[in-house]
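Scroll down for the structure; my scribbles are underneath it.
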Amino acid sequence: MSTSGSGNGILEGFFGSVSGSVERWTGIELNLSTVLLVVGVVPVLLGLRAAGRIHRTVRSGLSLLSGPGTVSRAAVKHIMENCEPGNPEMALKCADELDASGKHFLIHIGEEKGRLFDSAVREHRPTVVLELGGYFGYSALRVARLLSADDNAKLYSMEINKECAESCRTLLKFCGMDDRAEVLNCAAQDGIAEFRERTGRSSVDMVVLDHWKPLYLPDLKRLEASGLMHPGTVVLADNILYPGVPDYKEYVTTSPKYRTVMHTCKMTSFTGVETDDSVSVSVYLGEQSDR
Ligand SMILES: C[S@@+](CC[C@H](N)C(=O)[O-])C[C@H]1O[C@@H](n2cnc3c(N)ncnc32)[C@H](O)[C@@H]1O
């Protein structure tokens with residue numbers, strides 16, 4: 001008798017007594033090859049899943065390290081090579097597919113949050129929108145494409161990074177939105193102070209916060225102090241839970257100056273794996289409001 005034969009005999013004997021007990025207790029009859037398949041395949045599948053997550057996280061980290069300017073340029077180049085000009089829907093879809101492919105991990109709002117932004121724009125119909133944090137232009141394009149073409153409506157996107165600002169402009173022009181969107185290459189805090197002078201506008205109807213997270217609250221307070229917001233101005237803010245802006249969240253949910261709704265959603269930016277996040281939609285009620 002061969003060694004492997006005796007090994008199989010021991011295994012079968014052991015399995016026979018275990019499966020007999022299982023059958024007595026549960027009434028379920030076990031089959032040796034099914035059990036071996038489950039015991040062998042499940043750890044392999046779990047291992048592959050974990051490896052996939054690690055791979056996405058590493059790729060995501062590398063994208064972040066290569067800098068927003070480089071990734072922005074690559075994203076817009078990809079869109080221009082694969083989409084027809086003047087077609088914002090196609091460009092947005094192409095950006096989301098590029099992100100999902102893992103070739104470049106983008107820190108844009110993406111489709112799920114994008115639909116929340118779309119609803120807010122459709123509901124509030126802003127004429128002047130101020131965005132802080134333009135990146136390669138995804139959210140700017142998303143909002144600008146829904147602005148009315150005939151009421152002088154315009155989005156102004158403030159972007160601190162020169163390369164990102166250039167990519168953002170290129171994308172908006174490629175999609176035929178350059179008459180409805182303007183990119184200002186500046187730090188938000190400076191841009192807010194110079195907004196009236198640079199744009200000729202005296203107020204904003206919608207604000208989109210998606211820049212440096214520790215600046216959300218100081219920049220919101222700068223906007224309040226500037227007098228640019230009016231009762232009814234809507235403030236959208238991304239990444240409330242992740243990476244998280246607890247001071248901002250606390251402020252807009254407790255101050256009598258705001259009526260805020262939180263929308264929970266999923267995101268994959270920053271880590272490459274699905275994470276819980278939320279987007280806040282706050283209506284500014286004015287300085288003296290008592291709700
Ligand atoms: C998360 S990305 C914006 C994504 C974009 N809203 C989208 O969904 O397509 C953040 C951007 O904010 C810019 N940024 C960071 N701090 C800034 C500041 N103080 N003023 C203006 N832009 C800033 C970064 O350069 C980066 O491009």
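We name chains A, B, ... following the order of the structure tokens; residues begin at 1 in each chain, and ligands are numbered from 1 as shown.
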Neighbours of segment 261-269 of chain A within 9 Å (only C-alpha atoms; same-chain residues fewer than 4 positions away dropped), as a tab-separated table (two decimals) with C-alpha atoms, in the first residue's frame?
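Written out: selection-v5.tsv:
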```tsv
chain	number	residue	atom	x	y	z
A	60	SER	CA	-4.73	55.31	-4.92
A	99	ASP	CA	-11.47	56.24	-12.06
A	105	PHE	CA	-7.55	57.28	-8.97
A	106	LEU	CA	-9.39	60.56	-9.02
A	107	ILE	CA	-10.52	62.58	-6.01
A	108	HIS	CA	-13.52	64.04	-7.84
A	109	ILE	CA	-17.08	63.84	-6.44
A	110	GLY	CA	-18.05	61.00	-8.80
A	112	GLU	CA	-23.36	59.17	-6.80
A	113	LYS	CA	-22.52	62.50	-5.17
A	116	LEU	CA	-26.98	64.91	-5.37
A	239	ASN	CA	-16.44	64.80	2.51
A	240	ILE	CA	-18.36	65.62	5.67
A	241	LEU	CA	-17.61	62.15	7.12
A	242	TYR	CA	-14.50	61.16	5.19
A	253	THR	CA	-26.05	71.68	11.90
A	273	VAL	CA	-11.88	51.25	-1.40
A	274	GLU	CA	-15.53	51.98	-0.71
A	275	THR	CA	-16.00	54.20	2.36
A	276	ASP	CA	-19.05	55.85	3.97
A	277	ASP	CA	-19.27	59.59	3.50
A	278	SER	CA	-21.86	62.33	3.39
A	279	VAL	CA	-22.59	65.52	1.49
A	280	SER	CA	-24.28	68.40	3.30
A	281	VAL	CA	-26.76	70.76	1.71
A	282	SER	CA	-27.22	73.89	3.84
A	283	VAL	CA	-29.49	76.81	3.13
```
Next on the checklist: Give me, as a VMD selection string, the set of residues whose atoms come within 7 Å of any atom of ligand 1, counting only C-alpha atoms and all ligand atoms.
Outcome noted: chain A and resid 68 107 to 110 132 to 140 158 to 161 164 186 to 189 210 to 212 215
Checklist entry - Of the candidates A:Glu197, A:Glu123, A:Asp219, A:Asp178, which shows the shortest atom-to-atom distance to Gly86 of chain A, using only C-alpha atoms? => result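 Distance minimum relative to Gly86 of chain A lands on A:Asp178.
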Next on the checklist: Among segment 157-224 of chain A, which residues does DSSP mark as strand (DSSP E) when it is run on the backbone? Keep the chain and numbering as in the structure and answer as a list in words.
Outcome noted: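 Here are the strand (DSSP E) residues of segment 157-224 of chain A: Ser157, Met158, Glu159, Ala181, Glu182, Val183, Leu184, Asn185, Val204, Asp205, Met206, Val207, Val208 and Leu209 of chain A.
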Using N, CA and C atoms, can you export the residues from the last selection as an mmCIF file, in the first residue's frame?
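Saved as selection13.cif:
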```
data_model
loop_
_atom_site.group_PDB
_atom_site.id
_atom_site.type_symbol
_atom_site.label_atom_id
_atom_site.label_comp_id
_atom_site.auth_asym_id
_atom_site.auth_seq_id
_atom_site.Cartn_x
_atom_site.Cartn_y
_atom_site.Cartn_z
ATOM 1 N N SER A 157 -14.958 78.850 -10.426
ATOM 2 C CA SER A 157 -14.269 77.824 -9.650
ATOM 3 C C SER A 157 -12.891 78.347 -9.238
ATOM 4 N N MET A 158 -12.647 78.382 -7.919
ATOM 5 C CA MET A 158 -11.339 78.834 -7.433
ATOM 6 C C MET A 158 -10.459 77.618 -7.177
ATOM 7 N N GLU A 159 -9.312 77.579 -7.822
ATOM 8 C CA GLU A 159 -8.410 76.431 -7.720
ATOM 9 C C GLU A 159 -6.989 76.943 -7.487
ATOM 10 N N ALA A 181 -18.758 78.944 -17.268
ATOM 11 C CA ALA A 181 -17.871 78.610 -16.151
ATOM 12 C C ALA A 181 -16.533 79.291 -16.331
ATOM 13 N N GLU A 182 -16.009 79.840 -15.245
ATOM 14 C CA GLU A 182 -14.712 80.509 -15.295
ATOM 15 C C GLU A 182 -13.850 79.985 -14.155
ATOM 16 N N VAL A 183 -12.589 79.725 -14.456
ATOM 17 C CA VAL A 183 -11.690 79.194 -13.435
ATOM 18 C C VAL A 183 -10.760 80.311 -12.966
ATOM 19 N N LEU A 184 -10.715 80.517 -11.662
ATOM 20 C CA LEU A 184 -9.825 81.531 -11.089
ATOM 21 C C LEU A 184 -8.694 80.794 -10.372
ATOM 22 N N ASN A 185 -7.473 80.969 -10.852
ATOM 23 C CA ASN A 185 -6.330 80.273 -10.241
ATOM 24 C C ASN A 185 -5.863 81.071 -9.022
ATOM 25 N N VAL A 204 -23.548 85.554 -4.302
ATOM 26 C CA VAL A 204 -23.534 84.175 -4.825
ATOM 27 C C VAL A 204 -24.791 83.445 -4.343
ATOM 28 N N ASP A 205 -25.354 82.621 -5.236
ATOM 29 C CA ASP A 205 -26.582 81.878 -4.911
ATOM 30 C C ASP A 205 -26.278 80.457 -4.453
ATOM 31 N N MET A 206 -25.110 79.964 -4.854
ATOM 32 C CA MET A 206 -24.723 78.605 -4.445
ATOM 33 C C MET A 206 -23.214 78.562 -4.235
ATOM 34 N N VAL A 207 -22.804 77.852 -3.184
ATOM 35 C CA VAL A 207 -21.370 77.675 -2.905
ATOM 36 C C VAL A 207 -21.093 76.170 -2.875
ATOM 37 N N VAL A 208 -20.006 75.744 -3.493
ATOM 38 C CA VAL A 208 -19.597 74.333 -3.446
ATOM 39 C C VAL A 208 -18.251 74.264 -2.723
ATOM 40 N N LEU A 209 -18.217 73.577 -1.589
ATOM 41 C CA LEU A 209 -16.969 73.449 -0.827
ATOM 42 C C LEU A 209 -16.375 72.065 -1.057
#
```
Tell me, which residues of segment 181-260 of chain A carry DSSP helix (DSSP H, G or I), written as an mmCIF file with C-alpha atoms, in the first residue's frame?
```cif
data_model
loop_
_atom_site.group_PDB
_atom_site.id
_atom_site.type_symbol
_atom_site.label_atom_id
_atom_site.label_comp_id
_atom_site.auth_asym_id
_atom_site.auth_seq_id
_atom_site.Cartn_x
_atom_site.Cartn_y
_atom_site.Cartn_z
ATOM 1 C CA ALA A 188 -9.960 80.449 -1.941
ATOM 2 C CA GLN A 189 -9.274 82.837 0.921
ATOM 3 C CA ASP A 190 -7.783 85.426 -1.486
ATOM 4 C CA GLY A 191 -10.376 84.788 -4.166
ATOM 5 C CA ILE A 192 -13.260 85.405 -1.755
ATOM 6 C CA ALA A 193 -11.781 88.787 -0.805
ATOM 7 C CA GLU A 194 -11.399 89.749 -4.490
ATOM 8 C CA PHE A 195 -14.576 88.098 -5.800
ATOM 9 C CA ARG A 196 -16.610 91.229 -6.550
ATOM 10 C CA GLU A 197 -13.697 92.976 -8.223
ATOM 11 C CA ARG A 198 -12.651 89.957 -10.320
ATOM 12 C CA THR A 199 -16.116 88.873 -11.461
ATOM 13 C CA LYS A 213 -10.892 70.327 4.522
ATOM 14 C CA PRO A 214 -9.562 72.431 7.464
ATOM 15 C CA LEU A 215 -10.526 75.539 5.464
ATOM 16 C CA TYR A 216 -14.235 74.732 5.014
ATOM 17 C CA LEU A 217 -15.322 76.505 8.204
ATOM 18 C CA PRO A 218 -12.922 79.495 8.032
ATOM 19 C CA ASP A 219 -13.859 80.040 4.365
ATOM 20 C CA LEU A 220 -17.578 79.747 5.092
ATOM 21 C CA LYS A 221 -17.155 82.396 7.804
ATOM 22 C CA ARG A 222 -15.178 84.536 5.335
ATOM 23 C CA LEU A 223 -18.087 84.268 2.913
ATOM 24 C CA GLU A 224 -20.567 85.249 5.632
ATOM 25 C CA ALA A 225 -18.420 88.268 6.586
ATOM 26 C CA SER A 226 -17.982 89.289 2.937
ATOM 27 C CA ILE A 240 -18.361 65.616 5.674
ATOM 28 C CA LEU A 241 -17.610 62.150 7.117
ATOM 29 C CA TYR A 242 -14.500 61.156 5.192
ATOM 30 C CA PRO A 243 -11.821 62.528 5.377
ATOM 31 C CA GLY A 244 -14.217 64.475 7.599
ATOM 32 C CA PRO A 246 -16.308 67.792 12.173
ATOM 33 C CA ASP A 247 -16.020 71.516 13.005
ATOM 34 C CA TYR A 248 -17.859 72.486 9.811
ATOM 35 C CA LYS A 249 -20.522 69.808 10.373
ATOM 36 C CA GLU A 250 -21.103 70.994 13.931
ATOM 37 C CA TYR A 251 -21.430 74.598 12.773
ATOM 38 C CA VAL A 252 -23.910 74.112 9.912
ATOM 39 C CA THR A 253 -26.052 71.684 11.896
ATOM 40 C CA THR A 254 -26.306 73.822 15.064
#
```
Item to check | Among listed residues A:Leu130, A:Val76, A:Ala91, A:Val71, nearest Ser203 of chain A (using only C-alpha atoms) | outcome: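 Among A:Leu130, A:Val76, A:Ala91, A:Val71, it is A:Leu130 that comes nearest to Ser203 of chain A.
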